[in-house]
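S.K.: Sending over a structure as structure tokens; questions will come in a sec.
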Amino acid sequence: MFENVLTMKPTRRIESIREAYFQIKPTASIERARIETRVMKETEGEFEVTRRAKVFAALVREMPIHIFRNQLLVGCTSVRPRCVNITPTVFAQAARREAAQSGLLGMREDIPAAKLSDDEVRELEAMMPYWRSQGRINNSSHYGHNIHGHEQVLKKGFLGIKKGAEDRLARLDLGNPEDISKIPFLKGVILAMEAAAEFGKRFASLARELADKEKICERKEELLRIAKVCDWVPANPARTFHEALQSYYFSYLLLFWEALPNDGFTEGRMDQYLYPYYQSDMKEGRITKEEAQELIDCYFLSVNYETGCSRITVGGIKANGNDATNDLSYMFIEAMMHTRLAIPWLSVLVHHQMADDLLIKACQLSSLGTGHPHFINNDVMVLQALARGSSGGPAVTLEDARNASPQGCGELVIPGKDSGYLFFRMPNLAACMEFVLTNGSRRSGLHDPVWYKPFTGIETGDPRQFKSFEEVQEAFHKQVTWMRENIQIDGTNRERNIVKFTPTVYESALINDCIEKGMCREAGGAHYNFNNGGAELGTTDAGDSLTAIRKLVFDDKKITMAELCDALDHNFEGYDDIRKICLEAPKFGNDDDYADEQVAWVIHEWASEFNKLTNLRGGSGGCGASSMGMYIPEGTVVGALPSGRLAGVPLADGASPSPGKDINGVTAVLKSLGKVDNIEVLGSLVLNIRIDPTACNDGDVSRLASLIRSFIDQKLYHLNNNVVSTEILKAAQEEPEKYRDLMVKVAGYNVFFTQLNKPIQDSIIARTTHRL
């Protein structure tokens with residue numbers, strides 16, 4: 001099956017680098033912490049933005065670098081491949097963050113993890129008093145979730161961006177106090193760009209050192225070519241495809257040198273940004289298609305070794321509305337077929353006029369059972385972007401809307417113009433439903449997560465006394481409003497800490513308007529300052545519960561509100577008859593208007609309320625995004641629900657039906673979600689489905705392609721397919737060593753199945769397997 005879908009076979013280089021990935025164990029380093037702590041102490045009393053610029057410059061110039069054997073692209077974010085940088089803030093939050101990552105991504109606690117030596121731990125502990133005295137210890141996360149102006153780097157080089165900052169500095173009116181306040185930021189950008197421009201030359205020097213020692217002539221020549229490329233980029237504008245890809249990689253990697261920890265940095269629509277360089281090289285005979293493919297494959301492998309975080313998008317439409325497919329669109333999909341690793345998360349922008357050939361290529365990748373790619377509806381994305389522009393701040397132009405791209409787990413941003421998503425806490429709509437039925441309290445005996453204190457609700461009246469379904473809905477509305485108000489407080493406090501302690505200069509320089517305004521992204525320098533208020537959690541559980549209440553209590557009058565509340569208070573123990581009819585009530589995902597109406601209403605309540613969130617940069621909210629693996633731990637804090645769900649069990653993932661409840665086929669699932677206003681949810685609704693592999697027998701993906709066309713027609717936004725059988729998943733649970741590279745899509749992210757904890761594994765197995 002694998003060989004049948006390839007345009008060309010992966011080279012031996014690619015196969016060997018891929019295999020090496022599985023042999024290298026994760027490690028950790030405190031080298032960054034040493035440098036950062038030293039520079040912060042040396043710069044006491046200076047502007048914070050100046051201090052952060054000097055930290056960035058020192059890291060770029062001083063951190064040890066390496067070149068992975070046989071790689072054609074170079075770059076690193078730590079002292080060795082698959083190495084994580086541990087800083088004092090990360091170290092201080094280690095237990096909390098590990099627990100959060102276990103919940104967020106659903107990773108097993110016993111998989112090989114990066115460890116520090118005892119001496120390194122003692123050294124970090126010795127740094128802690130300084131960081132605590134500065135009040136920085138709780139500021140352990142930043143924005144992430146953005147697509148920066150990497151195109152600027154390709155076109156101008158870092159020296160060109162530096163010149164732009166110098167020109168802006170020269171135009172300041174030093175008699176104007178407002179202009180004087182811009183000086184520290186602009187000088188910080190100049191400092192950061194100087195250091196970034198030197199990054200390539202460090203690798204050029206290392207490549208020549210390795211070439212001098214290399215005994216294999218072919219590799220020696222490769223190292224000298226690498227040196228020549230790095231002599232020029234990223235300091236200067238790229239001239240060739242190799243230079244452009246290398247410069248893009250440098251530009252992306254340097255994000256990880258500035259803000260740590262970080263999540264969701266995304267490369268964007270690389271097939272569009274790099275195509276002019278590829279087209280020119282092909283026309284001039286400077287490169288062959290096979291050579292270009294190998295370079296792209298090297299990029300895909302590199303991000304697995306160096307960042308552990310990457311999202312690349314292909315396809316979509318151009319700024320003029322025409323189909324944007326080009327040769328690189330196919331070659332990036334081919335690269336994922338060649339590498340078949342969890343990173344990058346590859347997205348394909350689909351739309352009503354897309355080329356059949358690209359859709360077939362994307363479906364062929366999906367048929368391999370890797371969880372790749374994400375299917376993102378570009379038609380809906382454009383409308384979402386335009387809707388955002390009506391919520392405050394500068395209007396989003398049609399050109400910008402068409403240039404939008406998914407980042408992180410699928411939420412749209414305007415590349416190079418957006419401030420990025422600062423995620424507030426995920427709202428749990430299933431918990432809101434429970435609060436309706438407990439008058440705002442949490443049921444006893446439920447799990448308390450390590451990484452946060454669960455909300456309680458607000459008193460909305462004794463549910464046993466509700467006389468109409470409208471009273472139930474009104475109580476739910478009040479609970480959602482209460483949760484939004486609390487999340488706004490939490491989010492604002494988090495943002496204040498980021499503004500105070502970690503203003504960015506490198507990132508900000510790659511976002512339009514920051515240099516012109518003379519202020520960093522955190523202070524509102526970006527052209528667009530949208531926000532995100534958290535992903536959808538429990539929307540299906542809440543909607544199915546409302547459906548059950550409406551049908552069983554108010555329409556059919558089979559039970560009373562008091563009887564239902566008694567059953568829920570006892571987790572249905574001794575109330576099997578009530579649970580039976582609750583489970584039999586209509587469920588979302590079967591194209592049943594009675595059930596779908598309530599889920600659509602819940603999502604509208606959530607979206608309309610959470611779109612009111614604001615940020616300190618003058619931007620407005622944009623609810624949505626993937627719930628990642630949080631539907632498992634968030635389920636542990638929610639009691640029994642009228643849908644028939646028991647206390648503590650997982651919630652439905654994303655905007656998907658509850659596991660096993662979608663029994664009328666996959667088309668019915670699409671139609672159910674099509675009744676929801678996907679445009680109103682400005683940060684995306686994620687649908688996860690599992691497809692029986694027999695749907696793609698003998699490499700025939702025509703039925704899968706038809707499914708994607710239906711997805712487009714229903715005006716849904718984000719679809720993830722897992723084309724894998726229950727038998728394979730269960731076998732991987734029993735003998736994980738035989739399935740080391742089995743990948744699945746959990747929600748907005750890909751991961752190796754055997755590295756997931758058992759609750760997440762079981763939740764994926766529990767998803768309905770659809771035949772096409």
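Ordering of the structure tokens sets the chain letters (A, B, ...); residue numbers start at 1 within each chain; ligands are numbered from 1 in the order shown.
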Write out as a PyMOL selection string each polymer residue whose atoms come within 8 Å of Glu294 (chain A), counting only C-alpha atoms; drop sequence neighbours fewer than 2 positions from it.
M.R.: chain A and resi 10-11+14+290-292+296-298
S.K.: Show me, as a PyMOL selection string, the residues that have an atom within 8 Å of region 424-430 of chain A when counting only C-alpha atoms, minus same-chain residues fewer than 3 positions from it.
M.R.: chain A and resi 433-434+480+483-484+487-488+490-491+532-539+541-542+606+627+634+638+651
S.K.: As an exercise, work out the distance from CA of Val348 (chain A) to CA of Asp379 (chain A) in Å and give it to one decimal place.
M.R.: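 Calculated distance between CA of Val348 (chain A) and CA of Asp379 (chain A) is 12.6 Å.
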S.K.: Would you mind listing what lies within 10 Å of Arg239 (chain A) as a VMD selection string, with only C-alpha atoms counted and same-chain residues fewer than 3 positions away left out?
M.R.: chain A and resid 154 to 155 229 232 to 233 236 242 to 244 276 to 277 280 to 281
S.K.: Keeping only N, CA and C atoms, write the selected residues to a file as a PDB file, in the first residue's frame.
M.R.:
ATOM      1  N   LEU A 154      12.757  35.524   3.889  1.00  0.00           N
ATOM      2  CA  LEU A 154      13.143  35.063   2.551  1.00  0.00           C
ATOM      3  C   LEU A 154      13.425  36.239   1.626  1.00  0.00           C
ATOM      4  N   LYS A 155      12.618  37.264   1.712  1.00  0.00           N
ATOM      5  CA  LYS A 155      12.713  38.378   0.772  1.00  0.00           C
ATOM      6  C   LYS A 155      13.747  39.428   1.189  1.00  0.00           C
ATOM      7  N   VAL A 229      25.631  27.878   1.486  1.00  0.00           N
ATOM      8  CA  VAL A 229      24.251  28.337   1.702  1.00  0.00           C
ATOM      9  C   VAL A 229      24.170  29.168   2.984  1.00  0.00           C
ATOM     10  N   TRP A 232      25.291  32.805   3.291  1.00  0.00           N
ATOM     11  CA  TRP A 232      24.420  33.832   2.703  1.00  0.00           C
ATOM     12  C   TRP A 232      23.117  34.029   3.485  1.00  0.00           C
ATOM     13  N   VAL A 233      22.473  32.934   3.867  1.00  0.00           N
ATOM     14  CA  VAL A 233      21.196  33.040   4.597  1.00  0.00           C
ATOM     15  C   VAL A 233      21.404  32.559   6.025  1.00  0.00           C
ATOM     16  N   ASN A 236      20.842  37.365   4.449  1.00  0.00           N
ATOM     17  CA  ASN A 236      20.484  38.036   3.193  1.00  0.00           C
ATOM     18  C   ASN A 236      19.266  37.381   2.540  1.00  0.00           C
ATOM     19  N   HIS A 242      17.174  25.911  -2.251  1.00  0.00           N
ATOM     20  CA  HIS A 242      17.907  25.416  -1.091  1.00  0.00           C
ATOM     21  C   HIS A 242      18.105  26.541  -0.064  1.00  0.00           C
ATOM     22  N   GLU A 243      18.509  27.708  -0.526  1.00  0.00           N
ATOM     23  CA  GLU A 243      18.678  28.837   0.385  1.00  0.00           C
ATOM     24  C   GLU A 243      17.354  29.224   1.042  1.00  0.00           C
ATOM     25  N   ALA A 244      16.280  29.203   0.265  1.00  0.00           N
ATOM     26  CA  ALA A 244      14.976  29.600   0.802  1.00  0.00           C
ATOM     27  C   ALA A 244      14.515  28.619   1.874  1.00  0.00           C
ATOM     28  N   PRO A 276       8.053  30.298  -5.666  1.00  0.00           N
ATOM     29  CA  PRO A 276       8.830  31.114  -6.621  1.00  0.00           C
ATOM     30  C   PRO A 276      10.289  30.684  -6.718  1.00  0.00           C
ATOM     31  N   TYR A 277      10.874  30.244  -5.621  1.00  0.00           N
ATOM     32  CA  TYR A 277      12.282  29.817  -5.621  1.00  0.00           C
ATOM     33  C   TYR A 277      12.432  28.469  -6.320  1.00  0.00           C
ATOM     34  N   SER A 280      11.901  29.061 -10.117  1.00  0.00           N
ATOM     35  CA  SER A 280      13.072  29.691 -10.734  1.00  0.00           C
ATOM     36  C   SER A 280      14.213  28.695 -10.902  1.00  0.00           C
ATOM     37  N   ASP A 281      14.458  27.885  -9.869  1.00  0.00           N
ATOM     38  CA  ASP A 281      15.543  26.899  -9.954  1.00  0.00           C
ATOM     39  C   ASP A 281      15.271  25.862 -11.025  1.00  0.00           C
TER      40      ASP A 281
END
S.K.: Name all residues at most 7 Å from region 588-604 of chain A (count only C-alpha atoms; drop same-chain ones fewer than 5 positions away) and give them as an mmCIF file with C-alpha atoms, in the first residue's frame.
M.R.:
data_model
loop_
_atom_site.group_PDB
_atom_site.id
_atom_site.type_symbol
_atom_site.label_atom_id
_atom_site.label_comp_id
_atom_site.auth_asym_id
_atom_site.auth_seq_id
_atom_site.Cartn_x
_atom_site.Cartn_y
_atom_site.Cartn_z
ATOM 1 C CA THR A 539 -20.418 20.624 23.814
ATOM 2 C CA THR A 540 -21.794 17.288 22.634
ATOM 3 C CA GLY A 543 -26.234 19.095 23.997
ATOM 4 C CA ASP A 544 -27.134 15.417 24.318
ATOM 5 C CA LEU A 546 -30.380 18.881 27.015
ATOM 6 C CA THR A 547 -31.965 16.626 24.405
ATOM 7 C CA PRO A 657 -20.400 12.732 18.581
ATOM 8 C CA ASP A 662 -23.103 7.903 15.837
ATOM 9 C CA ILE A 663 -24.830 4.850 14.379
ATOM 10 C CA ASN A 664 -26.268 6.149 11.106
ATOM 11 C CA ALA A 668 -25.042 11.576 8.997
ATOM 12 C CA VAL A 669 -22.230 12.813 11.248
ATOM 13 C CA LYS A 671 -24.895 16.521 8.301
ATOM 14 C CA SER A 672 -25.348 16.845 12.053
ATOM 15 C CA LYS A 675 -26.425 22.249 11.299
ATOM 16 C CA VAL A 676 -23.995 24.090 13.577
#
S.K.: Give the answer as one residue: which of A:Leu301, A:Val74, A:Ala195, A:Leu159 has the shortest atom-to-atom distance to Ala20 (chain A), using only C-alpha atoms?
M.R.: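 Looking at the shortest contact to Ala20 (chain A), the residue is A:Leu301.
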S.K.: Could you tell me how far CA of Val380 (chain A) lies from CA of Ile712 (chain A), in Å and to one decimal?
M.R.: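 Going from CA of Val380 (chain A) over to CA of Ile712 (chain A) covers 8.6 Å.
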S.K.: Please return as a list in words: the residues of region 661-698 of chain A that backbone DSSP assigns to alpha helix (DSSP H).
M.R.: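 Going through region 661-698 of chain A, the alpha helix (DSSP H) residues come out as Val666, Thr667, Ala668, Val669, Leu670, Lys671, Ser672, Leu673 and Gly674 of chain A.
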S.K.: Keeping only all heavy atoms, take the residues you just selected and write them out as a CSV table (one decimal), in the first residue's frame.
M.R.:
chain,number,residue,atom,x,y,z
A,666,VAL,N,-21.2,7.9,8.5
A,666,VAL,CA,-20.4,9.0,8.6
A,666,VAL,C,-21.0,10.2,7.9
A,666,VAL,O,-20.8,11.4,8.3
A,666,VAL,CB,-19.0,8.8,8.0
A,666,VAL,CG1,-19.0,8.5,6.5
A,666,VAL,CG2,-18.0,9.9,8.3
A,667,THR,N,-21.8,10.0,6.9
A,667,THR,CA,-22.5,11.1,6.2
A,667,THR,C,-23.5,11.8,7.2
A,667,THR,O,-23.6,13.0,7.2
A,667,THR,CB,-23.2,10.7,4.9
A,667,THR,OG1,-22.3,10.1,4.0
A,667,THR,CG2,-23.9,11.8,4.2
A,668,ALA,N,-24.1,11.0,8.0
A,668,ALA,CA,-25.0,11.6,9.0
A,668,ALA,C,-24.3,12.4,10.0
A,668,ALA,O,-24.8,13.5,10.5
A,668,ALA,CB,-25.8,10.5,9.7
A,669,VAL,N,-23.1,12.0,10.3
A,669,VAL,CA,-22.2,12.8,11.2
A,669,VAL,C,-22.0,14.2,10.6
A,669,VAL,O,-22.1,15.2,11.3
A,669,VAL,CB,-20.9,12.1,11.6
A,669,VAL,CG1,-20.0,13.0,12.4
A,669,VAL,CG2,-21.2,10.8,12.3
A,670,LEU,N,-21.6,14.2,9.4
A,670,LEU,CA,-21.3,15.5,8.7
A,670,LEU,C,-22.5,16.3,8.6
A,670,LEU,O,-22.4,17.5,8.9
A,670,LEU,CB,-20.8,15.2,7.3
A,670,LEU,CG,-19.5,14.4,7.1
A,670,LEU,CD1,-19.1,14.3,5.6
A,670,LEU,CD2,-18.3,15.0,7.9
A,671,LYS,N,-23.7,15.7,8.4
A,671,LYS,CA,-24.9,16.5,8.3
A,671,LYS,C,-25.3,17.1,9.7
A,671,LYS,O,-25.8,18.2,9.8
A,671,LYS,CB,-26.0,15.7,7.7
A,671,LYS,CG,-25.9,15.4,6.3
A,671,LYS,CD,-27.1,14.6,5.8
A,671,LYS,CE,-27.0,14.3,4.3
A,671,LYS,NZ,-28.2,13.5,3.8
A,672,SER,N,-25.0,16.3,10.7
A,672,SER,CA,-25.3,16.8,12.1
A,672,SER,C,-24.5,18.1,12.4
A,672,SER,O,-25.0,19.1,12.8
A,672,SER,CB,-25.1,15.8,13.1
A,672,SER,OG,-26.1,14.8,13.1
A,673,LEU,N,-23.2,18.0,12.1
A,673,LEU,CA,-22.3,19.1,12.4
A,673,LEU,C,-22.6,20.2,11.5
A,673,LEU,O,-22.3,21.4,11.8
A,673,LEU,CB,-20.9,18.7,12.4
A,673,LEU,CG,-19.9,19.7,12.9
A,673,LEU,CD1,-20.2,20.1,14.4
A,673,LEU,CD2,-18.4,19.1,12.9
A,674,GLY,N,-23.1,19.9,10.3
A,674,GLY,CA,-23.4,21.0,9.3
A,674,GLY,C,-24.6,21.9,9.8
A,674,GLY,O,-24.8,23.0,9.2
S.K.: Go through A:Met743, A:Ile65, A:Ala695, A:Ile632 and flag the residue nearest Lys758 (chain A), using only C-alpha atoms for the distances.
M.R.: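 That would be A:Ile632, the residue with the smallest distance to Lys758 (chain A).
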S.K.: Each residue of region 551-652 of chain A with at least one atom at most 9 Å from region 386-396 of chain A should appear once, together with its nearest atom pair and the corresponding distance in Å (one decimal); atoms considered: only C-alpha atoms; ordering: chain, then increasing residue number; output as a tab-separated table.
M.R.:
residue	atom	partner	partner_atom	distance
A:Asn611	CA	A:Ser391	CA	8.5
A:Lys612	CA	A:Ser391	CA	9.0
A:Gly618	CA	A:Gly393	CA	7.3
A:Gly619	CA	A:Gly393	CA	6.6
A:Ser620	CA	A:Ser391	CA	6.5
A:Gly621	CA	A:Ser391	CA	8.3
A:Gly622	CA	A:Arg388	CA	7.5
S.K.: Quick one: write out the picked residues with N, CA and C atoms as a PDB file, in the first residue's frame?
M.R.:
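Writing the result to again-v1.pdb gives the following:
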ATOM      1  N   ASN A 611     -16.983  34.816  22.471  1.00  0.00           N
ATOM      2  CA  ASN A 611     -16.489  35.815  21.527  1.00  0.00           C
ATOM      3  C   ASN A 611     -16.456  37.206  22.151  1.00  0.00           C
ATOM      4  N   LYS A 612     -17.008  37.338  23.355  1.00  0.00           N
ATOM      5  CA  LYS A 612     -16.964  38.617  24.067  1.00  0.00           C
ATOM      6  C   LYS A 612     -15.644  38.812  24.814  1.00  0.00           C
ATOM      7  N   GLY A 618      -6.314  45.229  23.083  1.00  0.00           N
ATOM      8  CA  GLY A 618      -7.444  45.837  22.384  1.00  0.00           C
ATOM      9  C   GLY A 618      -8.149  44.894  21.444  1.00  0.00           C
ATOM     10  N   GLY A 619      -7.800  43.608  21.509  1.00  0.00           N
ATOM     11  CA  GLY A 619      -8.422  42.624  20.631  1.00  0.00           C
ATOM     12  C   GLY A 619      -9.609  41.952  21.284  1.00  0.00           C
ATOM     13  N   SER A 620     -10.354  41.247  20.448  1.00  0.00           N
ATOM     14  CA  SER A 620     -11.547  40.558  20.918  1.00  0.00           C
ATOM     15  C   SER A 620     -11.338  39.053  20.875  1.00  0.00           C
ATOM     16  N   GLY A 621     -12.294  38.333  21.436  1.00  0.00           N
ATOM     17  CA  GLY A 621     -12.190  36.888  21.540  1.00  0.00           C
ATOM     18  C   GLY A 621     -12.432  36.165  20.237  1.00  0.00           C
ATOM     19  N   GLY A 622     -12.118  34.897  20.263  1.00  0.00           N
ATOM     20  CA  GLY A 622     -12.352  34.020  19.125  1.00  0.00           C
ATOM     21  C   GLY A 622     -12.354  32.595  19.617  1.00  0.00           C
TER      22      GLY A 622
END
S.K.: What does the structure give for the distance between CA of Leu169 (chain A) and CA of Arg61 (chain A), in Å to one decimal?
M.R.: 24.4 Å
S.K.: Pick out the closest residue to Arg771 (chain A) from this set: A:Cys217, A:Cys83, A:Val724, A:Ala33. Count only C-alpha atoms.
M.R.: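 Between A:Cys217, A:Cys83, A:Val724, A:Ala33, the residue approaching Arg771 (chain A) most closely is A:Val724.
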S.K.: From the options A:Gln384, A:Asn757, A:Thr614, A:Gln473, which residue's atoms come nearest to Val681 (chain A), counting only C-alpha atoms?
M.R.: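 That would be A:Gln384, the residue with the smallest distance to Val681 (chain A).
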S.K.: Would you kindly return, as a list of chain:residue names, each protein, DNA or RNA residue with an atom no farther than 8 Å from any atom of Leu254 (chain A), considering only C-alpha atoms and excluding same-chain residues fewer than 2 positions away?
M.R.: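 Listed by chain and then number, they are A:Val60, A:Thr77, A:Ala196, A:Phe250, A:Ser251, A:Tyr252, A:Phe256, A:Trp257, A:Glu258.
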S.K.: From the options A:Leu253, A:Val5, A:Val505, A:Met561, which residue's atoms come nearest to Ala192 (chain A), counting only C-alpha atoms?
M.R.: A:Val505
S.K.: Could you give me, as a PDB file with N, CA, C and O atoms, in the first residue's frame, the residues within 8 Å of Thr370 (chain A), counting only C-alpha atoms and dropping anything in the same chain fewer than 2 positions from it?
M.R.:
ATOM      1  N   ARG A 340       6.748   9.788   7.419  1.00  0.00           N
ATOM      2  CA  ARG A 340       5.788   9.074   8.264  1.00  0.00           C
ATOM      3  C   ARG A 340       6.126   9.173   9.756  1.00  0.00           C
ATOM      4  O   ARG A 340       6.162   8.187  10.467  1.00  0.00           O
ATOM      5  N   LEU A 365      -2.544   9.824   1.246  1.00  0.00           N
ATOM      6  CA  LEU A 365      -1.793   9.954   2.496  1.00  0.00           C
ATOM      7  C   LEU A 365      -2.652   9.515   3.669  1.00  0.00           C
ATOM      8  O   LEU A 365      -2.199   8.765   4.546  1.00  0.00           O
ATOM      9  N   SER A 366      -3.895   9.943   3.703  1.00  0.00           N
ATOM     10  CA  SER A 366      -4.805   9.567   4.783  1.00  0.00           C
ATOM     11  C   SER A 366      -4.981   8.052   4.848  1.00  0.00           C
ATOM     12  O   SER A 366      -5.046   7.467   5.940  1.00  0.00           O
ATOM     13  N   SER A 367      -5.012   7.412   3.693  1.00  0.00           N
ATOM     14  CA  SER A 367      -5.245   5.966   3.644  1.00  0.00           C
ATOM     15  C   SER A 367      -4.106   5.166   4.248  1.00  0.00           C
ATOM     16  O   SER A 367      -4.281   3.983   4.572  1.00  0.00           O
ATOM     17  N   LEU A 368      -2.931   5.779   4.418  1.00  0.00           N
ATOM     18  CA  LEU A 368      -1.785   5.064   4.987  1.00  0.00           C
ATOM     19  C   LEU A 368      -1.937   4.818   6.484  1.00  0.00           C
ATOM     20  O   LEU A 368      -1.139   4.089   7.080  1.00  0.00           O
ATOM     21  N   HIS A 372      -2.302  11.602   9.329  1.00  0.00           N
ATOM     22  CA  HIS A 372      -2.124  12.760   8.463  1.00  0.00           C
ATOM     23  C   HIS A 372      -3.021  12.618   7.243  1.00  0.00           C
ATOM     24  O   HIS A 372      -3.253  11.503   6.770  1.00  0.00           O
ATOM     25  N   ASN A 722      -8.842   9.018  11.138  1.00  0.00           N
ATOM     26  CA  ASN A 722      -7.947   7.923  11.498  1.00  0.00           C
ATOM     27  C   ASN A 722      -8.395   6.709  10.689  1.00  0.00           C
ATOM     28  O   ASN A 722      -9.475   6.163  10.940  1.00  0.00           O
ATOM     29  N   VAL A 723      -7.598   6.332   9.710  1.00  0.00           N
ATOM     30  CA  VAL A 723      -7.922   5.167   8.891  1.00  0.00           C
ATOM     31  C   VAL A 723      -7.149   3.985   9.474  1.00  0.00           C
ATOM     32  O   VAL A 723      -6.032   3.662   9.057  1.00  0.00           O
ATOM     33  N   LEU A 742       3.197   3.395  14.689  1.00  0.00           N
ATOM     34  CA  LEU A 742       1.762   3.535  14.456  1.00  0.00           C
ATOM     35  C   LEU A 742       1.308   4.886  14.997  1.00  0.00           C
ATOM     36  O   LEU A 742       1.469   5.175  16.177  1.00  0.00           O
ATOM     37  N   MET A 743       0.770   5.711  14.125  1.00  0.00           N
ATOM     38  CA  MET A 743       0.339   7.052  14.527  1.00  0.00           C
ATOM     39  C   MET A 743      -1.174   7.188  14.443  1.00  0.00           C
ATOM     40  O   MET A 743      -1.830   6.521  13.642  1.00  0.00           O
ATOM     41  N   VAL A 744      -1.701   8.065  15.272  1.00  0.00           N
ATOM     42  CA  VAL A 744      -3.123   8.393  15.236  1.00  0.00           C
ATOM     43  C   VAL A 744      -3.285   9.895  15.385  1.00  0.00           C
ATOM     44  O   VAL A 744      -2.390  10.595  15.856  1.00  0.00           O
ATOM     45  N   LYS A 745      -4.443  10.353  14.984  1.00  0.00           N
ATOM     46  CA  LYS A 745      -4.833  11.730  15.251  1.00  0.00           C
ATOM     47  C   LYS A 745      -5.721  11.700  16.494  1.00  0.00           C
ATOM     48  O   LYS A 745      -6.789  11.082  16.485  1.00  0.00           O
TER      49      LYS A 745
END
S.K.: Let me make sure I understand: among A:Ala211, A:Ala585, A:Val49, A:Val382, which one has the smallest atom-to-atom distance to Gly518 (chain A) if we use only C-alpha atoms?
M.R.: A:Val49
S.K.: Among the residues of region 18-250 of chain A, find those DSSP assigns to strand (DSSP E) from the backbone and print them as number ranges by chain.
M.R.: A: 27-29, 83-85, 146-147
